[in-house]
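entry_30.cif, holding mmCIF, C-alpha atoms:
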data_coords
#
loop_
_atom_site.label_atom_id
_atom_site.label_comp_id
_atom_site.auth_asym_id
_atom_site.auth_seq_id
_atom_site.Cartn_x
_atom_site.Cartn_y
_atom_site.Cartn_z
CA MET H 1 0.00 0.00 0.00
CA THR H 2 1.73 3.11 -1.18
CA ASP H 3 0.63 6.62 -1.92
CA TYR H 4 -1.47 6.99 1.23
CA LYS H 5 -0.72 10.10 3.24
CA ASP H 6 -1.61 11.66 6.57
CA TYR H 7 -2.41 15.38 6.53
CA LEU H 8 -2.18 17.99 9.27
CA PHE H 9 -3.91 21.35 8.85
CA LEU H 10 -2.42 24.06 11.06
CA LEU H 11 -1.70 27.71 11.70
CA GLU H 12 1.89 28.86 12.14
CA PRO H 13 2.80 31.45 14.78
CA SER H 14 5.54 34.05 14.35
CA GLU H 15 9.19 33.10 14.75
CA ASN H 16 9.24 34.90 18.10
CA VAL H 17 6.37 32.77 19.42
CA LYS H 18 7.97 29.61 18.00
CA ASN H 19 11.19 30.43 19.86
CA GLN H 20 9.37 31.15 23.11
CA ILE H 21 7.45 27.87 22.92
CA LYS H 22 10.70 26.04 22.17
CA HIS H 23 12.16 27.65 25.31
CA TYR H 24 9.21 26.44 27.43
CA LYS H 25 9.45 22.93 25.97
CA LEU H 26 13.15 22.74 26.86
CA LYS H 27 12.47 24.20 30.33
CA ALA H 28 9.89 21.43 30.88
CA CYS H 29 12.67 18.88 30.33
CA GLU H 30 14.42 20.24 33.42
CA TYR H 31 11.48 19.08 35.54
CA ILE H 32 10.24 15.91 33.81
CA GLY H 33 13.07 14.84 31.48
CA THR H 34 12.76 14.34 27.75
CA TYR H 35 9.26 13.66 26.44
CA PRO H 36 7.74 12.95 23.01
CA GLY H 37 7.19 16.15 21.04
CA VAL H 38 9.85 18.20 22.80
CA LYS H 39 11.45 18.95 19.41
CA GLY H 40 8.16 19.71 17.64
CA THR H 41 7.67 23.13 16.07
CA ALA H 42 5.03 25.35 17.67
CA HIS H 43 1.73 25.50 15.79
CA VAL H 44 -2.06 25.67 16.23
CA SER H 45 -3.56 22.37 15.01
CA LEU H 46 -6.87 22.56 13.18
CA CYS H 47 -7.51 19.03 11.94
CA TYR H 48 -5.81 15.78 11.10
CA ILE H 49 -6.76 13.49 8.22
CA GLU H 50 -5.10 10.12 8.11
CA ARG H 51 -4.60 7.48 5.45
CA GLN H 52 -5.92 9.29 2.40
CA LYS H 53 -5.04 9.19 -1.27
CA PRO H 54 -3.66 12.58 -2.36
CA HIS H 55 -6.28 13.03 -5.11
CA ILE H 56 -9.06 12.87 -2.48
CA VAL H 57 -7.40 15.57 -0.37
CA ASN H 58 -6.60 17.67 -3.46
CA THR H 59 -10.30 17.62 -4.36
CA ALA H 60 -11.19 18.76 -0.84
CA ILE H 61 -8.57 21.52 -0.90
CA ASN H 62 -9.89 22.75 -4.25
CA THR H 63 -13.42 22.98 -2.80
CA PHE H 64 -12.39 25.24 0.08
CA ARG H 65 -9.44 27.12 -1.48
CA ASN H 66 -11.48 30.20 -2.49
CA LYS H 67 -13.26 30.21 0.87
CA VAL H 68 -9.92 30.37 2.65
CA TYR H 69 -8.73 33.13 0.29
CA GLY H 70 -11.86 35.08 1.24
CA MET H 71 -11.03 35.01 4.95
CA PRO H 72 -9.06 37.85 6.53
CA PRO H 73 -5.82 37.35 8.44
CA VAL H 74 -6.35 37.39 12.22
CA LYS H 75 -4.27 38.51 15.18
CA LEU H 76 -4.12 35.89 17.93
CA GLN H 77 -3.04 36.66 21.47
CA VAL H 78 -1.22 34.12 23.59
CA GLU H 79 -2.01 34.59 27.26
CA GLY H 80 -0.64 32.21 29.87
CA PHE H 81 -0.90 28.44 30.05
CA ASN H 82 -3.60 25.87 30.58
CA PHE H 83 -4.02 22.12 30.34
CA PHE H 84 -6.19 19.25 29.18
CA LEU H 85 -6.57 16.13 31.30
CA HIS H 86 -6.91 12.88 29.34
CA GLY H 87 -8.68 10.69 31.86
CA ASN H 88 -6.57 9.70 34.84
CA ASN H 89 -3.47 8.77 32.87
CA SER H 90 -2.11 11.76 30.98
CA ALA H 91 -2.29 15.50 30.44
CA THR H 92 -1.36 18.14 27.88
CA ILE H 93 0.00 21.55 28.86
CA TYR H 94 -0.41 24.35 26.34
CA ALA H 95 0.03 28.06 25.74
CA ALA H 96 -3.49 29.46 25.68
CA ILE H 97 -4.89 31.46 22.78
CA LYS H 98 -6.98 34.20 24.37
CA PRO H 99 -10.59 33.87 23.24
CA THR H 100 -12.28 37.03 22.02
CA GLN H 101 -15.49 37.49 20.10
CA LYS H 102 -13.49 38.28 16.95
CA THR H 103 -11.19 35.24 17.20
CA ASP H 104 -14.04 32.93 18.22
CA ASN H 105 -16.00 34.02 15.13
CA TRP H 106 -12.91 33.69 12.94
CA PHE H 107 -12.23 30.12 14.12
CA THR H 108 -15.91 29.21 13.75
CA LEU H 109 -15.84 30.41 10.14
CA LEU H 110 -12.54 28.62 9.42
CA TYR H 111 -13.85 25.32 10.83
CA LYS H 112 -16.97 25.74 8.70
CA GLN H 113 -14.86 26.39 5.57
CA LEU H 114 -12.76 23.27 6.30
CA ASN H 115 -15.82 21.21 7.26
CA VAL H 116 -14.36 20.49 10.72
CA LYS H 117 -17.15 19.24 12.97
CA ALA H 118 -15.37 18.80 16.31
CA ALA H 119 -15.16 21.66 18.80
CA ILE H 120 -11.48 22.51 19.17
CA THR H 121 -9.82 24.78 21.71
CA PRO H 122 -7.16 26.73 19.79
CA HIS H 123 -3.82 26.32 21.59
CA ILE H 124 -0.08 25.81 21.17
CA THR H 125 1.10 22.57 22.77
CA ILE H 126 4.00 22.56 25.21
CA THR H 127 3.77 18.95 26.43
CA LYS H 128 1.35 16.46 24.87
CA GLY H 129 -0.01 13.40 26.66
CA ILE H 130 2.57 13.34 29.44
CA PRO H 131 1.95 10.98 32.39
CA VAL H 132 -0.11 12.55 35.18
CA ASN H 133 2.81 12.27 37.62
CA ASP H 134 4.95 14.37 35.25
CA PHE H 135 2.11 16.85 34.86
CA TYR H 136 1.96 17.36 38.65
CA LYS H 137 5.73 17.91 38.74
CA LEU H 138 5.66 20.46 35.91
CA TRP H 139 2.37 22.34 36.28
CA PRO H 140 3.25 24.27 39.49
CA HIS H 141 6.31 25.69 37.71
CA ILE H 142 4.64 26.70 34.46
CA ARG H 143 1.20 27.87 35.61
CA SER H 144 2.54 31.00 37.27
CA VAL H 145 4.64 32.09 34.27
CA ASP H 146 3.26 35.33 32.85
CA TYR H 147 3.62 34.68 29.13
CA LYS H 148 1.87 37.11 26.78
CA ASP H 149 2.52 37.49 23.09
CA SER H 150 0.63 37.92 19.85
CA PHE H 151 1.01 36.99 16.21
CA VAL H 152 -0.85 37.47 12.95
CA VAL H 153 -2.06 34.37 11.14
CA ASP H 154 -2.06 35.04 7.41
CA LYS H 155 -2.04 31.52 5.99
CA LEU H 156 -3.31 28.00 6.46
CA THR H 157 -0.51 25.42 6.26
CA ILE H 158 -1.16 21.85 5.18
CA LEU H 159 1.50 19.25 5.99
CA ALA H 160 1.66 15.68 4.65
CA ARG H 161 3.62 12.52 5.39
CA GLU H 162 3.54 9.02 3.97
CA THR H 163 1.22 6.87 6.06
CA PHE H 164 3.03 3.54 5.86
CA ARG H 165 6.64 4.70 5.87
CA PRO H 166 8.19 4.24 9.31
CA ASN H 167 9.50 7.47 10.81
CA ALA H 168 8.02 9.56 7.99
CA ARG H 169 8.24 13.27 8.72
CA TYR H 170 5.67 15.90 7.86
CA GLU H 171 6.56 18.15 4.96
CA ILE H 172 4.77 21.22 3.63
CA TYR H 173 2.11 20.10 1.19
CA GLU H 174 0.48 23.46 0.50
CA ARG H 175 -0.05 26.90 2.00
CA LEU H 176 -3.23 28.90 1.45
CA ASP H 177 -3.19 32.63 2.20
CA PHE H 178 -5.96 34.40 4.08
CA LYS H 179 -6.29 37.20 1.53
CA ASN H 180 -9.62 38.74 2.59
CA GLN H 181 -10.69 38.62 -1.05
CA LEU H 182 -12.91 36.34 -3.03
CA THR H 183 -11.53 34.87 -6.24
CA TYR H 184 -13.49 33.23 -9.01
#

Could you write out this file's structure as structure tokens?
Amino acid sequence: MTDYKDYLFLLEPSENVKNQIKHYKLKACEYIGTYPGVKGTAHVSLCYIERQKPHIVNTAINTFRNKVYGMPPVKLQVEGFNFFLHGNNSATIYAAIKPTQKTDNWFTLLYKQLNVKAAITPHITITKGIPVNDFYKLWPHIRSVDYKDSFVVDKLTILARETFRPNARYEIYERLDFKNQLTY
């Protein structure tokens, strides 16, 4: 089975935000040791599509391309940290995207354009799915950090990797600009 790919749709923060998140990921290692995802690049995940033939995804991209072009860029504010608990076994710590009426409406429209059904909390992951014991070691140190920043999102990035190739890495598949203009 070849030619199947996994796709990740995401928003890229500014280089400054990427560097700050990298700093927090490395700082987390001081408290809990190395963890999966410590070397990952900061981003805001939108959706993940696995095991698809490229022509299927290309068709989908072509159906929403003009809708994405019609959306305006948006300024997102990062304000502090929060977490998700995954049952009793693991947790995810993230840099929180401050919700505002404007950003909430923007994300709602984007999810509609991409046909994303699930409710997603926009965030930038610091540690993903770490054991609860590690979470309790790390959280007291990171929760009080006063991290505020902002960045403008002006494009949707789509990454792809081969599904059945061991250790396949995501590569840029396509970028779609938020141009705030409709094209026909």

Contact check, stretch 1-82 of chain H to stretch 134-144 of chain H, at most 12 Å, counting all atoms listed in the file, closest pairs as a tab-separated table:
residue	atom	partner	partner_atom	distance
H:Ile21	CA	H:Ile142	CA	11.9
H:His23	CA	H:Ile142	CA	11.9
H:Tyr24	CA	H:Ile142	CA	8.4
H:Lys25	CA	H:Ile142	CA	10.5
H:Leu26	CA	H:Leu138	CA	12.0
H:Lys27	CA	H:Ile142	CA	9.2
H:Ala28	CA	H:Leu138	CA	6.6
H:Cys29	CA	H:Leu138	CA	9.1
H:Glu30	CA	H:Leu138	CA	9.1
H:Tyr31	CA	H:Leu138	CA	6.0
H:Ile32	CA	H:Asp134	CA	5.7
H:Gly33	CA	H:Asp134	CA	9.0
H:Thr34	CA	H:Asp134	CA	10.8
H:Tyr35	CA	H:Asp134	CA	9.8
H:Glu79	CA	H:Arg143	CA	11.2
H:Gly80	CA	H:Arg143	CA	7.4
H:Phe81	CA	H:Arg143	CA	6.0
H:Asn82	CA	H:Arg143	CA	7.2

Which residue out of H:Thr157, H:Asn115, H:Thr100, H:Asn58 has the minimum interatomic distance to H:Val78 when all atoms listed in the file are used?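 Smallest distance to H:Val78 is found for H:Thr100.
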
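Minimum distance to H:Gly37 across H:Thr125, H:Lys179, H:Lys18, H:Val132 (counting only C-alpha atoms) occurs at H:Thr125.
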
Could you work out an axis-aligned bounding box for all listed atoms of stretch 29-47 of chain H, with 5 Å added on each of the six sides, and give its centre and edge lengths in Å to one decimal, as AutoDock Vina command-line options?
--center_x 3.5 --center_y 19.3 --center_z 23.7 --size_x 31.9 --size_y 22.7 --size_z 33.6

Would you pick out the contacts of stretch 162-168 of chain H at 10 Å or less, using only C-alpha atoms, so that residues sharing its chain but fewer than 6 positions from it are not included, and give the list as a list in words? Met1, Thr2, Asp3, Tyr4, Lys5, Asp6, Tyr7, Glu50, Arg51, Gln52 and Lys53 of chain H

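Shortest separation to H:Tyr170 among H:Phe107, H:Ile126, H:Arg65, H:Tyr48 occurs at residue H:Tyr48, atoms counted being only C-alpha atoms.
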
Quick one: residues within 12 Å of H:Val153, all atoms listed in the file counted, chain neighbours fewer than 5 positions away excluded, as a PyMOL selection string? chain H and resi 10-15+17+43-44+71-77+103+106-107+175-179

Put those residues in a file: C-alpha atoms, as a PDB file, in the coordinates of the input.
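Wrote part18.pdb, looks like this:
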ATOM      1  CA  LEU H  10      -2.420  24.060  11.060  1.00  0.00           C
ATOM      2  CA  LEU H  11      -1.700  27.710  11.700  1.00  0.00           C
ATOM      3  CA  GLU H  12       1.890  28.860  12.140  1.00  0.00           C
ATOM      4  CA  PRO H  13       2.800  31.450  14.780  1.00  0.00           C
ATOM      5  CA  SER H  14       5.540  34.050  14.350  1.00  0.00           C
ATOM      6  CA  GLU H  15       9.190  33.100  14.750  1.00  0.00           C
ATOM      7  CA  VAL H  17       6.370  32.770  19.420  1.00  0.00           C
ATOM      8  CA  HIS H  43       1.730  25.500  15.790  1.00  0.00           C
ATOM      9  CA  VAL H  44      -2.060  25.670  16.230  1.00  0.00           C
ATOM     10  CA  MET H  71     -11.030  35.010   4.950  1.00  0.00           C
ATOM     11  CA  PRO H  72      -9.060  37.850   6.530  1.00  0.00           C
ATOM     12  CA  PRO H  73      -5.820  37.350   8.440  1.00  0.00           C
ATOM     13  CA  VAL H  74      -6.350  37.390  12.220  1.00  0.00           C
ATOM     14  CA  LYS H  75      -4.270  38.510  15.180  1.00  0.00           C
ATOM     15  CA  LEU H  76      -4.120  35.890  17.930  1.00  0.00           C
ATOM     16  CA  GLN H  77      -3.040  36.660  21.470  1.00  0.00           C
ATOM     17  CA  THR H 103     -11.190  35.240  17.200  1.00  0.00           C
ATOM     18  CA  TRP H 106     -12.910  33.690  12.940  1.00  0.00           C
ATOM     19  CA  PHE H 107     -12.230  30.120  14.120  1.00  0.00           C
ATOM     20  CA  ARG H 175      -0.050  26.900   2.000  1.00  0.00           C
ATOM     21  CA  LEU H 176      -3.230  28.900   1.450  1.00  0.00           C
ATOM     22  CA  ASP H 177      -3.190  32.630   2.200  1.00  0.00           C
ATOM     23  CA  PHE H 178      -5.960  34.400   4.080  1.00  0.00           C
ATOM     24  CA  LYS H 179      -6.290  37.200   1.530  1.00  0.00           C
TER      25      LYS H 179
END

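Proximity to H:Lys128 was assessed for H:Leu8, H:Ser90, H:Tyr147, H:Thr41 counting all atoms listed in the file; the smallest distance is recorded for H:Ser90.
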
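Residue nearest H:Ala91, chosen from H:Thr127, H:Gln181, H:Gln20, H:Gln113 and counting all atoms listed in the file: H:Thr127.
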
Is it possible to dump stretch 58-78 of chain H as an mmCIF file, in the first residue's frame, including just N, CA, C and O atoms?
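Saved result, selection36.cif, follows:
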data_model
loop_
_atom_site.group_PDB
_atom_site.id
_atom_site.type_symbol
_atom_site.label_atom_id
_atom_site.label_comp_id
_atom_site.auth_asym_id
_atom_site.auth_seq_id
_atom_site.Cartn_x
_atom_site.Cartn_y
_atom_site.Cartn_z
ATOM 1 N N ASN H 58 -6.692 16.570 -2.489
ATOM 2 C CA ASN H 58 -6.604 17.665 -3.462
ATOM 3 C C ASN H 58 -7.985 18.159 -3.857
ATOM 4 O O ASN H 58 -8.213 19.361 -3.997
ATOM 5 N N THR H 59 -8.919 17.242 -4.038
ATOM 6 C CA THR H 59 -10.297 17.620 -4.365
ATOM 7 C C THR H 59 -10.895 18.447 -3.240
ATOM 8 O O THR H 59 -11.530 19.475 -3.478
ATOM 9 N N ALA H 60 -10.684 18.019 -1.995
ATOM 10 C CA ALA H 60 -11.193 18.763 -0.840
ATOM 11 C C ALA H 60 -10.569 20.152 -0.766
ATOM 12 O O ALA H 60 -11.270 21.147 -0.545
ATOM 13 N N ILE H 61 -9.259 20.223 -0.951
ATOM 14 C CA ILE H 61 -8.566 21.524 -0.903
ATOM 15 C C ILE H 61 -9.123 22.451 -1.979
ATOM 16 O O ILE H 61 -9.370 23.634 -1.728
ATOM 17 N N ASN H 62 -9.349 21.924 -3.163
ATOM 18 C CA ASN H 62 -9.890 22.747 -4.246
ATOM 19 C C ASN H 62 -11.293 23.262 -3.937
ATOM 20 O O ASN H 62 -11.665 24.338 -4.405
ATOM 21 N N THR H 63 -12.061 22.513 -3.137
ATOM 22 C CA THR H 63 -13.416 22.976 -2.803
ATOM 23 C C THR H 63 -13.401 24.109 -1.782
ATOM 24 O O THR H 63 -14.300 24.935 -1.781
ATOM 25 N N PHE H 64 -12.393 24.163 -0.910
ATOM 26 C CA PHE H 64 -12.388 25.243 0.077
ATOM 27 C C PHE H 64 -11.307 26.298 -0.158
ATOM 28 O O PHE H 64 -11.220 27.265 0.587
ATOM 29 N N ARG H 65 -10.519 26.159 -1.194
ATOM 30 C CA ARG H 65 -9.438 27.117 -1.479
ATOM 31 C C ARG H 65 -9.957 28.565 -1.535
ATOM 32 O O ARG H 65 -9.451 29.448 -0.856
ATOM 33 N N ASN H 66 -10.968 28.835 -2.342
ATOM 34 C CA ASN H 66 -11.484 30.198 -2.488
ATOM 35 C C ASN H 66 -12.119 30.707 -1.202
ATOM 36 O O ASN H 66 -12.080 31.903 -0.916
ATOM 37 N N LYS H 67 -12.685 29.804 -0.417
ATOM 38 C CA LYS H 67 -13.264 30.213 0.866
ATOM 39 C C LYS H 67 -12.163 30.673 1.821
ATOM 40 O O LYS H 67 -12.338 31.643 2.552
ATOM 41 N N VAL H 68 -11.056 29.974 1.806
ATOM 42 C CA VAL H 68 -9.920 30.373 2.649
ATOM 43 C C VAL H 68 -9.361 31.704 2.153
ATOM 44 O O VAL H 68 -9.067 32.603 2.947
ATOM 45 N N TYR H 69 -9.213 31.863 0.845
ATOM 46 C CA TYR H 69 -8.733 33.131 0.285
ATOM 47 C C TYR H 69 -9.632 34.299 0.716
ATOM 48 O O TYR H 69 -9.159 35.414 0.879
ATOM 49 N N GLY H 70 -10.913 34.029 0.875
ATOM 50 C CA GLY H 70 -11.863 35.076 1.242
ATOM 51 C C GLY H 70 -11.804 35.479 2.701
ATOM 52 O O GLY H 70 -12.368 36.503 3.088
ATOM 53 N N MET H 71 -11.124 34.694 3.516
ATOM 54 C CA MET H 71 -11.028 35.010 4.950
ATOM 55 C C MET H 71 -9.915 36.019 5.203
ATOM 56 O O MET H 71 -8.882 35.980 4.548
ATOM 57 N N PRO H 72 -10.114 36.894 6.197
ATOM 58 C CA PRO H 72 -9.059 37.851 6.530
ATOM 59 C C PRO H 72 -7.997 37.214 7.424
ATOM 60 O O PRO H 72 -8.276 36.235 8.124
ATOM 61 N N PRO H 73 -6.792 37.765 7.428
ATOM 62 C CA PRO H 73 -5.821 37.351 8.444
ATOM 63 C C PRO H 73 -6.388 37.719 9.821
ATOM 64 O O PRO H 73 -7.283 38.560 9.927
ATOM 65 N N VAL H 74 -5.861 37.103 10.873
ATOM 66 C CA VAL H 74 -6.351 37.393 12.222
ATOM 67 C C VAL H 74 -5.170 37.490 13.181
ATOM 68 O O VAL H 74 -4.171 36.792 13.020
ATOM 69 N N LYS H 75 -5.299 38.377 14.147
ATOM 70 C CA LYS H 75 -4.272 38.513 15.177
ATOM 71 C C LYS H 75 -4.706 37.678 16.377
ATOM 72 O O LYS H 75 -5.798 37.879 16.922
ATOM 73 N N LEU H 76 -3.841 36.743 16.772
ATOM 74 C CA LEU H 76 -4.116 35.894 17.925
ATOM 75 C C LEU H 76 -3.222 36.320 19.079
ATOM 76 O O LEU H 76 -2.052 36.651 18.873
ATOM 77 N N GLN H 77 -3.788 36.297 20.269
ATOM 78 C CA GLN H 77 -3.044 36.655 21.470
ATOM 79 C C GLN H 77 -2.811 35.410 22.307
ATOM 80 O O GLN H 77 -3.743 34.658 22.583
ATOM 81 N N VAL H 78 -1.565 35.202 22.693
ATOM 82 C CA VAL H 78 -1.216 34.121 23.592
ATOM 83 C C VAL H 78 -1.213 34.717 24.990
ATOM 84 O O VAL H 78 -0.615 35.773 25.220
#
